[in-house]
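Novice: See data.pdb below, with PDB, C-alpha atoms.
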ATOM      1  CA  MET A   1     101.444 185.738  65.624
ATOM      2  CA  ALA A   2     101.062 182.318  67.298
ATOM      3  CA  LYS A   3     104.171 180.297  67.624
ATOM      4  CA  LYS A   4     104.207 176.895  65.988
ATOM      5  CA  LYS A   5     104.643 174.084  68.504
ATOM      6  CA  ASP A   6     107.744 172.009  68.116
ATOM      7  CA  THR A   7     106.552 168.440  67.890
ATOM      8  CA  LYS A   8     109.902 167.037  66.973
ATOM      9  CA  ASN A   9     110.832 165.932  70.465
ATOM     10  CA  HIS A  10     107.345 164.538  71.283
ATOM     11  CA  THR A  11     107.158 161.912  68.542
ATOM     12  CA  PRO A  12     107.008 158.417  70.224
ATOM     13  CA  LYS A  13     109.761 155.994  69.433
ATOM     14  CA  LYS A  14     108.836 152.983  67.387
ATOM     15  CA  GLN A  15     109.785 149.622  68.904
ATOM     16  CA  SER A  16     111.834 147.405  66.725
ATOM     17  CA  SER A  17     110.390 143.991  65.912
ATOM     18  CA  GLU A  18     113.282 142.374  67.805
ATOM     19  CA  ASP A  19     112.434 144.217  71.047
ATOM     20  CA  TYR A  20     108.742 143.453  70.633
ATOM     21  CA  TYR A  21     109.204 139.669  70.354
ATOM     22  CA  LYS A  22     111.733 139.691  73.195
ATOM     23  CA  LEU A  23     109.138 141.222  75.515
ATOM     24  CA  LYS A  24     106.548 138.665  74.456
ATOM     25  CA  THR A  25     108.981 135.783  74.997
ATOM     26  CA  ASP A  26     109.899 137.018  78.479
ATOM     27  CA  ALA A  27     106.215 137.294  79.420
ATOM     28  CA  VAL A  28     105.509 133.731  78.299
ATOM     29  CA  ASP A  29     108.519 132.411  80.240
ATOM     30  CA  ARG A  30     107.396 134.178  83.421
ATOM     31  CA  LEU A  31     103.886 132.791  83.032
ATOM     32  CA  VAL A  32     105.037 129.217  82.487
ATOM     33  CA  ASN A  33     107.591 129.195  85.293
ATOM     34  CA  ALA A  34     105.482 131.156  87.793
ATOM     35  CA  ASP A  35     105.030 129.227  91.075
ATOM     36  CA  LYS A  36     106.273 126.042  89.496
ATOM     37  CA  LYS A  37     106.143 123.275  92.121
ATOM     38  CA  SER A  38     106.247 119.521  92.048
ATOM     39  CA  TYR A  39     103.622 117.772  94.115
ATOM     40  CA  PRO A  40     104.061 114.100  95.103
ATOM     41  CA  LYS A  41     101.485 111.744  93.704
ATOM     42  CA  THR A  42      99.392 110.024  96.338
ATOM     43  CA  LYS A  43      99.428 106.279  96.205
ATOM     44  CA  GLU A  44      95.821 105.165  96.110
ATOM     45  CA  ASP A  45      94.290 101.765  95.835
ATOM     46  CA  PRO A  46      92.802 101.618  92.293
ATOM     47  CA  GLY A  47      89.947  99.459  93.534
ATOM     48  CA  ARG A  48      89.006 101.988  96.210
ATOM     49  CA  LYS A  49      86.849 104.040  93.826
ATOM     50  CA  TYR A  50      84.623 101.008  93.213
ATOM     51  CA  ARG A  51      83.926 100.458  96.896
ATOM     52  CA  SER A  52      81.213 102.053  98.943
ATOM     53  CA  LYS A  53      82.195 105.199 100.845
ATOM     54  CA  GLY A  54      79.074 105.246 102.972
ATOM     55  CA  PHE A  55      77.806 102.906 105.656
ATOM     56  CA  LEU A  56      80.423 100.143 105.247
ATOM     57  CA  ASP A  57      83.340 102.540 105.723
ATOM     58  CA  LYS A  58      81.940 103.587 109.095
ATOM     59  CA  ILE A  59      82.025 100.014 110.434
ATOM     60  CA  PRO A  60      85.283  99.144 112.252
ATOM     61  CA  SER A  61      87.642  96.862 110.365
ATOM     62  CA  TRP A  62      87.610  94.139 113.042
ATOM     63  CA  VAL A  63      83.789  93.948 112.987
ATOM     64  CA  LYS A  64      83.707  93.481 109.211
ATOM     65  CA  SER A  65      86.548  90.946 109.300
ATOM     66  CA  LEU A  66      85.009  88.772 112.014
ATOM     67  CA  PHE A  67      81.589  88.904 110.355
ATOM     68  CA  ILE A  68      83.057  87.806 107.004
ATOM     69  CA  LYS A  69      84.762  84.849 108.661
ATOM     70  CA  PHE A  70      81.654  83.869 110.604
ATOM     71  CA  TRP A  71      79.315  84.203 107.609
ATOM     72  CA  PHE A  72      81.415  82.075 105.250
ATOM     73  CA  ASN A  73      82.019  79.450 107.947
ATOM     74  CA  GLY A  74      78.302  79.160 108.594
ATOM     75  CA  ALA A  75      77.539  79.065 104.864
ATOM     76  CA  VAL A  76      79.918  76.141 104.317
ATOM     77  CA  CYS A  77      78.315  74.276 107.219
ATOM     78  CA  PHE A  78      74.848  74.928 105.778
ATOM     79  CA  PHE A  79      75.569  73.953 102.171
ATOM     80  CA  ILE A  80      78.171  71.203 102.705
ATOM     81  CA  PHE A  81      77.559  69.594 106.117
ATOM     82  CA  TRP A  82      73.779  69.864 105.956
ATOM     83  CA  GLY A  83      73.459  69.696 102.182
ATOM     84  CA  LEU A  84      75.731  66.685 101.644
ATOM     85  CA  GLY A  85      74.983  65.021 104.981
ATOM     86  CA  LEU A  86      72.452  62.664 103.384
ATOM     87  CA  TYR A  87      74.950  61.508 100.753
ATOM     88  CA  VAL A  88      78.254  61.535 102.661
ATOM     89  CA  THR A  89      77.421  59.439 105.711
ATOM     90  CA  ASN A  90      80.989  58.621 106.779
ATOM     91  CA  MET A  91      82.180  61.272 109.232
ATOM     92  CA  LEU A  92      85.836  61.018 108.168
ATOM     93  CA  ASP A  93      84.886  61.578 104.544
ATOM     94  CA  MET A  94      82.762  64.552 105.571
ATOM     95  CA  ILE A  95      85.670  66.099 107.483
ATOM     96  CA  VAL A  96      87.918  65.777 104.418
ATOM     97  CA  VAL A  97      85.258  67.346 102.182
ATOM     98  CA  LEU A  98      84.694  70.167 104.671
ATOM     99  CA  ALA A  99      88.439  70.829 104.917
ATOM    100  CA  ILE A 100      88.800  71.042 101.133
ATOM    101  CA  VAL A 101      85.801  73.358 100.736
ATOM    102  CA  MET A 102      86.729  75.545 103.722
ATOM    103  CA  GLY A 103      90.284  75.915 102.439
ATOM    104  CA  MET A 104      89.061  76.857  98.960
ATOM    105  CA  VAL A 105      86.520  79.334 100.342
ATOM    106  CA  THR A 106      89.147  80.926 102.594
ATOM    107  CA  ASP A 107      91.698  81.286  99.808
ATOM    108  CA  ILE A 108      89.331  82.423  97.049
ATOM    109  CA  PHE A 109      86.594  84.362  98.846
ATOM    110  CA  VAL A 110      87.486  85.304 102.433
ATOM    111  CA  ASN A 111      91.073  86.468 101.900
ATOM    112  CA  ASN A 112      90.217  88.285  98.673
ATOM    113  CA  ALA A 113      87.362  90.049 100.488
ATOM    114  CA  PHE A 114      89.865  91.242 103.111
ATOM    115  CA  ARG A 115      92.205  92.538 100.399
ATOM    116  CA  PHE A 116      89.330  94.277  98.615
ATOM    117  CA  LEU A 117      88.032  95.999 101.753
ATOM    118  CA  ALA A 118      91.491  97.235 102.815
ATOM    119  CA  THR A 119      91.920 100.996 102.413
ATOM    120  CA  TYR A 120      95.688 100.511 102.080
ATOM    121  CA  GLU A 121      97.885  97.552 101.260
ATOM    122  CA  GLY A 122      98.329  95.130 104.152
ATOM    123  CA  GLN A 123      95.635  96.632 106.396
ATOM    124  CA  ASN A 124      93.779  93.317 106.833
ATOM    125  CA  ASP A 125      96.792  90.989 106.783
ATOM    126  CA  LYS A 126      96.419  90.468 110.531
ATOM    127  CA  TRP A 127      93.135  88.606 109.933
ATOM    128  CA  MET A 128      94.668  86.020 107.569
ATOM    129  CA  MET A 129      96.917  83.063 108.305
ATOM    130  CA  PHE A 130      98.491  83.350 104.842
ATOM    131  CA  PRO A 131      98.122  86.986 103.762
ATOM    132  CA  LYS A 132     100.338  86.775 100.673
ATOM    133  CA  LYS A 133      98.645  85.490  97.534
ATOM    134  CA  LYS A 134     100.787  82.634  96.205
ATOM    135  CA  TYR A 135     100.032  79.412  94.374
ATOM    136  CA  TRP A 136     100.960  77.322  97.424
ATOM    137  CA  THR A 137      98.595  79.208  99.761
ATOM    138  CA  PHE A 138      95.660  77.431  98.082
ATOM    139  CA  PHE A 139      96.882  74.056  99.402
ATOM    140  CA  ALA A 140      98.149  75.562 102.669
ATOM    141  CA  ASN A 141      94.673  76.907 103.438
ATOM    142  CA  ILE A 142      93.154  73.443 102.876
ATOM    143  CA  PHE A 143      95.622  71.852 105.291
ATOM    144  CA  TYR A 144      95.055  74.698 107.758
ATOM    145  CA  ALA A 145      91.278  74.201 107.500
ATOM    146  CA  LEU A 146      91.736  70.540 108.402
ATOM    147  CA  ILE A 147      93.606  71.526 111.574
ATOM    148  CA  ILE A 148      90.855  73.960 112.564
ATOM    149  CA  LEU A 149      88.156  71.347 111.898
ATOM    150  CA  ILE A 150      89.912  68.955 114.272
ATOM    151  CA  GLY A 151      89.809  71.724 116.871
ATOM    152  CA  VAL A 152      86.094  72.269 116.204
ATOM    153  CA  ILE A 153      85.418  68.539 116.721
ATOM    154  CA  TRP A 154      87.250  68.666 120.048
ATOM    155  CA  PHE A 155      85.233  71.761 121.008
ATOM    156  CA  TYR A 156      81.909  69.993 120.350
ATOM    157  CA  ASN A 157      83.034  66.876 122.249
ATOM    158  CA  ILE A 158      84.200  68.881 125.275
ATOM    159  CA  LEU A 159      81.028  70.996 125.226
ATOM    160  CA  ASN A 160      78.807  67.915 125.220
ATOM    161  CA  VAL A 161      80.797  66.295 128.029
ATOM    162  CA  VAL A 162      80.604  69.450 130.166
ATOM    163  CA  LEU A 163      76.873  69.850 129.609
ATOM    164  CA  ASN A 164      76.194  66.229 130.527
ATOM    165  CA  ASN A 165      78.272  66.458 133.707
ATOM    166  CA  ILE A 166      76.335  69.432 135.070
ATOM    167  CA  LYS A 167      74.511  68.518 138.248
ATOM    168  CA  GLY A 168      70.783  68.247 137.930
ATOM    169  CA  THR A 169      70.852  67.122 134.311
ATOM    170  CA  GLU A 170      68.798  63.972 133.976
ATOM    171  CA  ALA A 171      68.565  63.439 130.216
ATOM    172  CA  GLU A 172      71.672  63.182 128.069
ATOM    173  CA  LEU A 173      72.379  66.402 126.173
ATOM    174  CA  TYR A 174      73.857  66.483 122.719
ATOM    175  CA  ILE A 175      74.718  69.682 120.828
ATOM    176  CA  ALA A 176      74.344  68.999 117.127
ATOM    177  CA  VAL A 177      76.345  70.738 114.422
ATOM    178  CA  GLU A 178      74.505  73.738 112.986
ATOM    179  CA  PRO A 179      75.697  76.852 111.082
ATOM    180  CA  LEU A 180      75.649  79.405 113.933
ATOM    181  CA  LEU A 181      77.694  77.568 116.556
ATOM    182  CA  PHE A 182      79.890  75.972 113.896
ATOM    183  CA  GLY A 183      80.642  79.384 112.376
ATOM    184  CA  LEU A 184      81.477  80.909 115.764
ATOM    185  CA  SER A 185      83.626  78.000 116.981
ATOM    186  CA  TYR A 186      85.534  77.758 113.678
ATOM    187  CA  MET A 187      86.138  81.529 113.740
ATOM    188  CA  ALA A 188      87.285  81.459 117.385
ATOM    189  CA  ILE A 189      89.822  78.659 116.835
ATOM    190  CA  ASP A 190      90.996  80.306 113.620
ATOM    191  CA  MET A 191      91.610  83.603 115.443
ATOM    192  CA  ILE A 192      93.503  81.821 118.222
ATOM    193  CA  PHE A 193      95.983  80.426 115.695
ATOM    194  CA  ILE A 194      96.238  83.742 113.825
ATOM    195  CA  THR A 195      96.821  85.649 117.072
ATOM    196  CA  MET A 196      99.596  83.209 118.004
ATOM    197  CA  LYS A 197     101.195  83.702 114.578
ATOM    198  CA  ASN A 198     101.002  87.512 114.779
ATOM    199  CA  THR A 199     102.445  87.463 118.302
ATOM    200  CA  MET A 200     105.395  85.319 117.225
ATOM    201  CA  ILE A 201     106.076  87.593 114.244
ATOM    202  CA  LYS A 202     106.023  90.651 116.510
ATOM    203  CA  ILE A 203     108.403  89.025 119.009
ATOM    204  CA  VAL A 204     110.865  88.091 116.261
ATOM    205  CA  SER A 205     110.712  91.541 114.631
ATOM    206  CA  ASP A 206     111.226  93.270 117.992
ATOM    207  CA  ALA A 207     114.206  91.038 118.739
ATOM    208  CA  LYS A 208     115.765  91.887 115.362
ATOM    209  CA  GLU A 209     115.311  95.619 115.981
ATOM    210  CA  LYS A 210     116.947  95.393 119.412
ATOM    211  CA  SER A 211     119.907  93.435 118.033
ATOM    212  CA  LYS A 212     120.717  96.155 115.494
TER     213      LYS A 212
END
Could you render the structure as structure tokens?

Specialist:
Amino acid sequence: MAKKKDTKNHTPKKQSSEDYYKLKTDAVDRLVNADKKSYPKTKEDPGRKYRSKGFLDKIPSWVKSLFIKFWFNGAVCFFIFWGLGLYVTNMLDMIVVLAIVMGMVTDIFVNNAFRFLATYEGQNDKWMMFPKKKYWTFFANIFYALIILIGVIWFYNILNVVLNNIKGTEAELYIAVEPLLFGLSYMAIDMIFITMKNTMIKIVSDAKEKSK
């Protein structure tokens, strides 16, 4: 006669509802807290996503900066000196008008173009005489433009004197004001002043660091 199997000890235990929810809660906690790390947020220029990431980004910063200066200088000469030359015949009045327009163009267009093209804050400050955007920089750029224009006038006068003193020159030479040479000479004198300013700032900052 076959013996009846004793199934009493093989009956699986039933989990209580309390143990069941405890296991579920522990699993959720492990999943949420697994490999929990805090990553620093990268500080990115919000305007960067609107700028081209192709050809322009491959051009060195100094090339773009000098071209912007040259192009706007030549444009002001073309539209103001040539355009208003028939109406503003007094040279002193023309210099004042040029200084006002050049200062406005520098403050509104040139400097803002440098800030826009910078991949990080302050990258193109070295190309501006007044890198910080303040209400007084508008008037400071006009006064600064007047100083540069005086330097440009001296440059043209010296150039004409040198050319006319060259041996073998029979006819008198006179270099007229036109956008290309005006743009280059204005940019060159501007960069001389900016380089002097940056050098003085570096000397002062180095002296402060050494004194600490």

Novice: Which residue out of A:Trp82, A:Phe70, A:Asn111, A:Lys58 has the minimum interatomic distance to Lys126 (chain A) when all atoms listed in the file are used?

Specialist: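 When distances to Lys126 (chain A) are compared using all atoms listed in the file, the smallest one comes from A:Asn111.
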
Novice: Give me the result of the PyMOL selection byres ((chain A and resi 194) around 12) on this file, residue by residue, as a ChimeraX atom specification.

Specialist: /A:125-131,144,148,187-193,195-201

Novice: Extract, using all atoms listed in the file, all DNA, RNA and protein residues at most 9 Å from Ser61 (chain A), discarding same-chain residues fewer than 6 positions from it, and format them as a list in words.

Specialist: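 Selected residues are Leu117, Ala118, Gln123 and Asn124 of chain A.
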
Novice: To one decimal place, how far is CA of Trp154 (chain A) from CA of Tyr186 (chain A) in Å?

Specialist: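 The value is 11.2 Å.
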
Novice: If you measure from CA of Ala140 (chain A) to CA of Gly83 (chain A), what distance in Å do you get, rounded to one decimal?

Specialist: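 Interatomic distance here is 25.4 Å.
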
Novice: For a test of reading the model, state the distance in Å between CA of Lys208 (chain A) and CA of Thr137 (chain A), rounded to one decimal.

Specialist: 26.4 Å

Novice: So, counting all atoms listed in the file, which residue among A:Asp57, A:Pro179, A:Lys133, A:Ile95 is closest to Asn112 (chain A)?

Specialist: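 Using all atoms listed in the file, Asn112 (chain A) sits closest to A:Lys133.
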
Novice: Starting from 3 Å padding per side, set up an axis-aligned box that covers all listed atoms of region 85-100 of chain A and hand over centre and edge lengths in Å, one decimal, as lines of an AutoDock Vina configuration file.

Specialist:
center_x = 80.6
center_y = 64.8
center_z = 105.0
size_x = 22.3
size_y = 18.4
size_z = 14.5

Novice: Here is a test: counting all atoms listed in the file, which residue of A:Ala99, A:Ile175, A:Leu180, A:Leu163 is nearest to Phe78 (chain A)?

Specialist: A:Leu180

Novice: Please determine, counting only C-alpha atoms, which residue among A:Thr119, A:Asn73, A:Ser65, A:Asn141 has the shortest atom-to-atom distance to Gly183 (chain A).

Specialist: A:Asn73

Novice: So, counting all atoms listed in the file, which residue among A:Phe155, A:Val101, A:Val63, A:Val96 is closest to Phe79 (chain A)?

Specialist: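 Looking at the shortest contact to Phe79 (chain A), the residue is A:Val101.
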
Novice: Quick one: which residues end up in the PyMOL selection byres ((chain A and resi 138) around 10) for this structure, as an mmCIF file with C-alpha atoms, in the frame of the given file?

Specialist:
data_model
loop_
_atom_site.group_PDB
_atom_site.id
_atom_site.type_symbol
_atom_site.label_atom_id
_atom_site.label_comp_id
_atom_site.auth_asym_id
_atom_site.auth_seq_id
_atom_site.Cartn_x
_atom_site.Cartn_y
_atom_site.Cartn_z
ATOM 1 C CA ILE A 100 88.800 71.042 101.133
ATOM 2 C CA GLY A 103 90.284 75.915 102.439
ATOM 3 C CA MET A 104 89.061 76.857 98.960
ATOM 4 C CA VAL A 105 86.520 79.334 100.342
ATOM 5 C CA THR A 106 89.147 80.926 102.594
ATOM 6 C CA ASP A 107 91.698 81.286 99.808
ATOM 7 C CA ILE A 108 89.331 82.423 97.049
ATOM 8 C CA PHE A 130 98.491 83.350 104.842
ATOM 9 C CA LYS A 133 98.645 85.490 97.534
ATOM 10 C CA LYS A 134 100.787 82.634 96.205
ATOM 11 C CA TYR A 135 100.032 79.412 94.374
ATOM 12 C CA TRP A 136 100.960 77.322 97.424
ATOM 13 C CA THR A 137 98.595 79.208 99.761
ATOM 14 C CA PHE A 139 96.882 74.056 99.402
ATOM 15 C CA ALA A 140 98.149 75.562 102.669
ATOM 16 C CA ASN A 141 94.673 76.907 103.438
ATOM 17 C CA ILE A 142 93.154 73.443 102.876
ATOM 18 C CA PHE A 143 95.622 71.852 105.291
#
